Structure formats: structure tokens, C-alpha cells
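Enquirer: Let me give you the structure first, and then I'll get to my questions.
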Amino acid sequence: MDTLSRIAESMSAAAAAAGVAIVAGDTKVVERGRGDGVFITTTGIGLLRSGVDVRPERAEPGDVIIVSGPIGQHGVAVMSVRDGLEFGSPVVSDSAPVHGLVAALFSAGIDVHVLRDPTRGGVAAALNEIAVAAAVGVQIDEITVPVSATVRSACALLGLDPLQVANEGRVIAFVSAEDEEAALAAFRSCAAGVDAVVIGRVVADHPGMVVGNTAIGGTRVIDLPLGELLPRIC
């Protein structure tokens, strides 16, 4: 038995003795010859706070939607390195741990309705999944969505929507309107959340759909990404 197997067996025995179930798993599909021979999977283990329920089904009309910082940086950074693209200014990935942001919200005593990390499919995918799960509508003001000038320019050049580009160090939180200021303050108390902003609200209209108010005063449906997600990061 190798070292990793012994560790896993020891953890399983300890968990069984404590009456705790540990469940983890991941599946990856890659093109033949493109896996580079190494796959690394990690599992985070921690304690659940009593009474915390951040399932997408808890989103309700009147909730405000907060994003912890500028979006799209990770996806564009990965793309620039993989494809040798240069955008004038370097794009640095937003990869960062988000547990501090989450802990700040709960430490502030906020009843967080929904939490989501907008990874594959970006903010658009996360909001659509929540809208469908809770059977509510989501309305965002696109002009308030934080996107750096470099990421915006890169997406315009490549025909990508920043809302559909992956992130690795951002959090989306749904909280009630009365908790808006407290939630923003909690996010902004962390270095990773100093640029947190409200980007929209949950509405009773158009359930299961995400609609954006555009910068020119119109509206558009923000759908799930279609086809292969670019860049494919996981």
C-alpha cells in the first residue's frame, strides 16, 4: 500500500469513528495525448457553520447580487499564455483563496442566501444556474459589472463576453436588500474584496432568465454559454 492510500484509509477510519461522511470526486475528459501525464485533485475539509444554507434555491425577489471584484481576469490570462497573445498590458489571473471573503460575510452576522464561485462559464453561467434553480428572474446593470480595461479590450478583440469568461478568485453573493451595505463592508474588509460591488437584483419577472440592462439603455438576455467554453481551464 502506497503512502497516499494509507493516508486515505486512515482519514476514512477516523471519519467513520466520528460519524462523519467524507465524499469527494472529480471527473476530467481530455483529448488523447493532451493530459501531460499528471492529474492533481485536492479536497477541502472543514466544519459547517450551524444554520448556514446557501443553496441556489434560496434566491428570492428583492435580493441584491454582489460580486467580490473585477471579472474575467483568469480566463483572459490563461488564454494569453496558451495562445501567445499580447494585449498591451499584462493580464494577471485573479486566482486566490476565497474562504476569507466567505468568513467575513458570516462573521458580520449576514444571512447569506446564495454563494457561488463563477468559474467555468463565468458570471453568466452562475447567474443562470441560480435563476433556474430558484425559479426567479435576475436583472443586472452591465455598466456596474467590474471589468478591467485590458480584459474588456481583449474580449472585444476576441469576440468574447466578459460575463462568460472564467474566474478563479471571485465570489458572487445573494443577500437581502437590508444586508446590502453590511455585505459590501464585509467583502471590502478583505484585500480580495476591496472592489466588491452590487451588479443587480433578483426579480419576480422572467423566472429562470437573466436579463442585462446595457450601457446604451437597452436590455438583452444573458444566456448560458453555448458550445465549447473558451478558454477551457478545467
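Simple scheme: letters A, B, ... for chains in C-alpha cells order, numbers from 1 for residues in each chain, numbers from 1 for ligands in the order shown.
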Excluding range 210-218 of chain A and residues on its chain fewer than 3 positions from it, collect all residues at most 9 Å away from it, counting only C-alpha atoms, and give them as an MDAnalysis selection string.
Expert: chainID A and resid 124 127:128 131 137:143 200 206:207 221:223
Enquirer: Which polymer residues have any atom within 12 Å of an atom of Arg116 in chain A, counting only C-alpha atoms, with same-chain residues fewer than 6 positions away left out, as a VMD selection string?
Expert: chain A and resid 54 to 56 59 65 to 68 98 to 99 101 to 102 122 to 130 167 to 174
Enquirer: Atoms to include: C-alpha atoms. Write the selected residues as a short mmCIF file (atom, residue, chain, number, x, y, z; two decimals), in the first residue's frame.
Expert:
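Dumped everything to selection.cif:
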```cif
data_model
loop_
_atom_site.label_atom_id
_atom_site.label_comp_id
_atom_site.auth_asym_id
_atom_site.auth_seq_id
_atom_site.Cartn_x
_atom_site.Cartn_y
_atom_site.Cartn_z
CA VAL A 54 -26.51 28.92 0.67
CA ARG A 55 -28.25 26.71 -1.87
CA PRO A 56 -29.25 28.43 -5.15
CA ALA A 59 -32.51 33.29 -4.02
CA ILE A 65 -26.32 40.42 -6.13
CA ILE A 66 -22.75 41.27 -5.16
CA VAL A 67 -19.54 40.28 -6.96
CA SER A 68 -16.34 40.49 -4.97
CA VAL A 98 -12.00 32.87 -1.24
CA HIS A 99 -12.54 31.45 2.23
CA LEU A 101 -14.40 36.56 1.86
CA VAL A 102 -16.95 33.97 2.87
CA GLY A 122 -18.22 32.81 -15.68
CA VAL A 123 -20.78 35.08 -14.07
CA ALA A 124 -23.33 34.36 -16.81
CA ALA A 125 -23.38 30.63 -16.10
CA ALA A 126 -23.55 31.10 -12.33
CA LEU A 127 -26.47 33.55 -12.51
CA ASN A 128 -28.40 31.41 -14.98
CA GLU A 129 -27.99 28.31 -12.85
CA ILE A 130 -29.26 30.17 -9.78
CA ASN A 167 -12.79 33.39 -12.77
CA GLU A 168 -10.85 31.62 -10.04
CA GLY A 169 -10.79 34.09 -7.15
CA ARG A 170 -14.21 35.73 -7.17
CA VAL A 171 -17.38 35.19 -5.18
CA ILE A 172 -20.98 36.02 -6.04
CA ALA A 173 -23.27 36.57 -3.05
CA PHE A 174 -27.04 36.98 -2.91
#
```
Enquirer: When you count only C-alpha atoms, which of these residues is closest to Asp53 in chain A: A:Gly72, A:Val175, A:Asp117, A:Phe87?
Expert: A:Val175
Enquirer: As number ranges by chain, please: every residue in range 33-164 of chain A that a backbone DSSP assignment puts in helix (DSSP H, G or I).
Expert: A: 56-58, 73-83, 99-107, 122-134, 142-144, 149-158, 162-164
Enquirer: Could you take the residues named above and write them with N, CA and C atoms, as a compact mmCIF listing (two decimals), in the first residue's frame?
Expert:
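Below you can see part_8.txt, which holds the result:
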```
# COMPACT_ATOMS: atom_id res chain seq x y z
N PRO A 56 -28.70 27.49 -4.16
CA PRO A 56 -29.25 28.43 -5.15
C PRO A 56 -30.75 28.62 -5.03
N GLU A 57 -31.44 27.63 -4.49
CA GLU A 57 -32.90 27.73 -4.34
C GLU A 57 -33.32 28.81 -3.37
N ARG A 58 -32.38 29.34 -2.58
CA ARG A 58 -32.75 30.37 -1.60
C ARG A 58 -32.81 31.78 -2.18
N GLN A 73 -10.54 38.04 -15.44
CA GLN A 73 -9.08 38.13 -15.48
C GLN A 73 -8.41 36.77 -15.65
N HIS A 74 -8.92 35.76 -14.97
CA HIS A 74 -8.27 34.45 -15.03
C HIS A 74 -8.37 33.86 -16.44
N GLY A 75 -9.57 33.86 -16.99
CA GLY A 75 -9.75 33.27 -18.31
C GLY A 75 -8.89 33.95 -19.37
N VAL A 76 -8.85 35.27 -19.34
CA VAL A 76 -8.04 36.00 -20.32
C VAL A 76 -6.55 35.78 -20.08
N ALA A 77 -6.15 35.70 -18.82
CA ALA A 77 -4.73 35.44 -18.51
C ALA A 77 -4.31 34.08 -19.03
N VAL A 78 -5.14 33.06 -18.82
CA VAL A 78 -4.83 31.72 -19.31
C VAL A 78 -4.75 31.71 -20.83
N MET A 79 -5.71 32.36 -21.46
CA MET A 79 -5.73 32.40 -22.92
C MET A 79 -4.49 33.08 -23.48
N SER A 80 -4.07 34.18 -22.86
CA SER A 80 -2.92 34.92 -23.37
C SER A 80 -1.66 34.08 -23.32
N VAL A 81 -1.52 33.26 -22.27
CA VAL A 81 -0.32 32.43 -22.14
C VAL A 81 -0.39 31.24 -23.09
N ARG A 82 -1.53 30.58 -23.16
CA ARG A 82 -1.66 29.39 -24.01
C ARG A 82 -1.49 29.73 -25.48
N ASP A 83 -2.05 30.84 -25.91
CA ASP A 83 -2.06 31.17 -27.33
C ASP A 83 -1.05 32.24 -27.72
N HIS A 99 -11.96 31.76 0.93
CA HIS A 99 -12.54 31.45 2.23
C HIS A 99 -12.61 32.68 3.14
N GLY A 100 -11.64 33.60 2.98
CA GLY A 100 -11.66 34.80 3.81
C GLY A 100 -12.86 35.68 3.52
N LEU A 101 -13.22 35.78 2.24
CA LEU A 101 -14.40 36.56 1.86
C LEU A 101 -15.66 35.96 2.46
N VAL A 102 -15.77 34.65 2.35
CA VAL A 102 -16.95 33.97 2.87
C VAL A 102 -17.03 34.10 4.39
N ALA A 103 -15.89 33.91 5.05
CA ALA A 103 -15.86 34.02 6.51
C ALA A 103 -16.25 35.43 6.96
N ALA A 104 -15.83 36.44 6.22
CA ALA A 104 -16.17 37.82 6.58
C ALA A 104 -17.67 38.06 6.54
N LEU A 105 -18.33 37.48 5.53
CA LEU A 105 -19.79 37.63 5.45
C LEU A 105 -20.47 37.01 6.66
N PHE A 106 -20.08 35.79 7.00
CA PHE A 106 -20.73 35.12 8.12
C PHE A 106 -20.37 35.75 9.46
N SER A 107 -19.14 36.22 9.58
CA SER A 107 -18.73 36.87 10.83
C SER A 107 -19.50 38.15 11.07
N GLY A 122 -18.22 31.48 -16.24
CA GLY A 122 -18.22 32.81 -15.68
C GLY A 122 -19.47 33.21 -14.92
N VAL A 123 -19.65 34.53 -14.80
CA VAL A 123 -20.78 35.08 -14.07
C VAL A 123 -22.09 34.71 -14.75
N ALA A 124 -22.10 34.68 -16.08
CA ALA A 124 -23.33 34.36 -16.81
C ALA A 124 -23.85 32.98 -16.46
N ALA A 125 -22.96 31.99 -16.43
CA ALA A 125 -23.38 30.63 -16.10
C ALA A 125 -23.89 30.53 -14.67
N ALA A 126 -23.15 31.16 -13.74
CA ALA A 126 -23.55 31.10 -12.33
C ALA A 126 -24.94 31.71 -12.12
N LEU A 127 -25.18 32.89 -12.70
CA LEU A 127 -26.47 33.55 -12.51
C LEU A 127 -27.60 32.78 -13.16
N ASN A 128 -27.36 32.20 -14.32
CA ASN A 128 -28.40 31.41 -14.98
C ASN A 128 -28.75 30.17 -14.17
N GLU A 129 -27.75 29.50 -13.65
CA GLU A 129 -27.99 28.31 -12.85
C GLU A 129 -28.82 28.64 -11.60
N ILE A 130 -28.52 29.76 -10.97
CA ILE A 130 -29.26 30.17 -9.78
C ILE A 130 -30.69 30.56 -10.14
N ALA A 131 -30.85 31.32 -11.22
CA ALA A 131 -32.20 31.74 -11.65
C ALA A 131 -33.09 30.54 -11.93
N VAL A 132 -32.54 29.54 -12.60
CA VAL A 132 -33.32 28.34 -12.92
C VAL A 132 -33.65 27.55 -11.65
N ALA A 133 -32.66 27.37 -10.78
CA ALA A 133 -32.86 26.58 -9.57
C ALA A 133 -33.92 27.20 -8.66
N ALA A 134 -33.92 28.52 -8.55
CA ALA A 134 -34.85 29.21 -7.64
C ALA A 134 -36.13 29.66 -8.33
N GLU A 142 -25.30 46.11 -16.52
CA GLU A 142 -24.00 45.76 -17.08
C GLU A 142 -22.94 46.83 -16.85
N ILE A 143 -23.36 48.07 -16.76
CA ILE A 143 -22.39 49.15 -16.56
C ILE A 143 -21.73 49.07 -15.18
N THR A 144 -22.39 48.39 -14.22
CA THR A 144 -21.82 48.27 -12.88
C THR A 144 -20.94 47.04 -12.72
N ALA A 149 -10.08 47.43 -18.00
CA ALA A 149 -10.00 47.91 -19.39
C ALA A 149 -9.28 46.90 -20.27
N THR A 150 -8.25 46.25 -19.74
CA THR A 150 -7.50 45.28 -20.55
C THR A 150 -8.35 44.07 -20.87
N VAL A 151 -9.07 43.56 -19.87
CA VAL A 151 -9.94 42.39 -20.11
C VAL A 151 -11.05 42.76 -21.08
N ARG A 152 -11.63 43.94 -20.92
CA ARG A 152 -12.70 44.37 -21.82
C ARG A 152 -12.19 44.47 -23.27
N SER A 153 -11.00 45.03 -23.44
CA SER A 153 -10.43 45.16 -24.77
C SER A 153 -10.11 43.80 -25.38
N ALA A 154 -9.55 42.91 -24.56
CA ALA A 154 -9.20 41.57 -25.04
C ALA A 154 -10.45 40.81 -25.48
N CYS A 155 -11.51 40.92 -24.68
CA CYS A 155 -12.75 40.22 -25.02
C CYS A 155 -13.37 40.79 -26.29
N ALA A 156 -13.29 42.11 -26.45
CA ALA A 156 -13.82 42.74 -27.66
C ALA A 156 -13.04 42.27 -28.88
N LEU A 157 -11.73 42.17 -28.75
CA LEU A 157 -10.88 41.72 -29.85
C LEU A 157 -11.17 40.28 -30.24
N LEU A 158 -11.44 39.44 -29.24
CA LEU A 158 -11.62 38.00 -29.49
C LEU A 158 -13.08 37.60 -29.63
N PRO A 162 -17.26 39.20 -21.48
CA PRO A 162 -16.60 39.08 -20.17
C PRO A 162 -17.43 38.33 -19.14
N LEU A 163 -18.76 38.40 -19.26
CA LEU A 163 -19.63 37.70 -18.31
C LEU A 163 -19.52 36.18 -18.43
N GLN A 164 -18.99 35.71 -19.57
CA GLN A 164 -18.88 34.27 -19.80
C GLN A 164 -17.45 33.75 -19.62
```
Enquirer: Hey, can you check how far CA of Val29 in chain A sits from CA of Pro225 in chain A?
Expert: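 CA of Pro225 in chain A lies at a distance of 18.9 Å from CA of Val29 in chain A.
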Enquirer: Apply DSSP to the structure's backbone, then extract all residues of range 103-169 of chain A labelled strand (DSSP E) and return them as a list in words.
Expert: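 Matching residues, listed in order: Val112, His113, Val114, Leu115, Arg116, Gly137, Val138, Gln139, Ile140 and Asp141 of chain A.
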Enquirer: How would the residues just picked look written out with N, CA and C atoms as a compact mmCIF listing (two decimals), in the first residue's frame?
Expert:
```
# COMPACT_ATOMS: atom_id res chain seq x y z
N VAL A 112 -26.69 35.08 4.46
CA VAL A 112 -26.34 34.95 3.04
C VAL A 112 -27.28 33.93 2.41
N HIS A 113 -28.00 34.34 1.38
CA HIS A 113 -28.95 33.43 0.75
C HIS A 113 -28.27 32.46 -0.21
N VAL A 114 -27.36 32.98 -1.04
CA VAL A 114 -26.69 32.14 -2.03
C VAL A 114 -25.24 32.57 -2.16
N LEU A 115 -24.35 31.61 -2.30
CA LEU A 115 -22.95 31.86 -2.62
C LEU A 115 -22.56 31.02 -3.83
N ARG A 116 -21.75 31.60 -4.70
CA ARG A 116 -21.29 30.84 -5.86
C ARG A 116 -19.95 31.41 -6.33
N GLY A 137 -36.22 35.59 -11.54
CA GLY A 137 -35.52 36.33 -12.57
C GLY A 137 -34.33 37.05 -11.98
N VAL A 138 -33.34 37.29 -12.81
CA VAL A 138 -32.16 38.05 -12.39
C VAL A 138 -32.00 39.23 -13.34
N GLN A 139 -31.85 40.42 -12.78
CA GLN A 139 -31.67 41.64 -13.56
C GLN A 139 -30.34 42.27 -13.14
N ILE A 140 -29.42 42.44 -14.09
CA ILE A 140 -28.15 43.06 -13.76
C ILE A 140 -27.96 44.34 -14.57
N ASP A 141 -27.22 45.27 -14.01
CA ASP A 141 -26.85 46.50 -14.71
C ASP A 141 -25.43 46.32 -15.22
```
Enquirer: One decimal, Å: what's the distance from CA of Phe187 in chain A over to CA of Leu160 in chain A, could you say?
Expert: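 Separating CA of Phe187 in chain A from CA of Leu160 in chain A is a distance of 27.9 Å.
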Enquirer: Could you state the separation of CA of Gly62 in chain A and CA of Arg49 in chain A in Å, given to one decimal place?
Expert: 24.9 Å
Enquirer: Rank A:Glu86, A:Ile199, A:Ala135, A:Gly109 by their smallest atom-to-atom distance to Ala183 in chain A, using only C-alpha atoms, and report the top residue only.
Expert: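 Going through A:Glu86, A:Ile199, A:Ala135, A:Gly109 one by one, the smallest distance to Ala183 in chain A is for A:Gly109.
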Enquirer: Go through A:Leu224, A:Cys190, A:Ala166, A:Val202 and flag the residue nearest Arg120 in chain A, using only C-alpha atoms for the distances.
Expert: A:Ala166
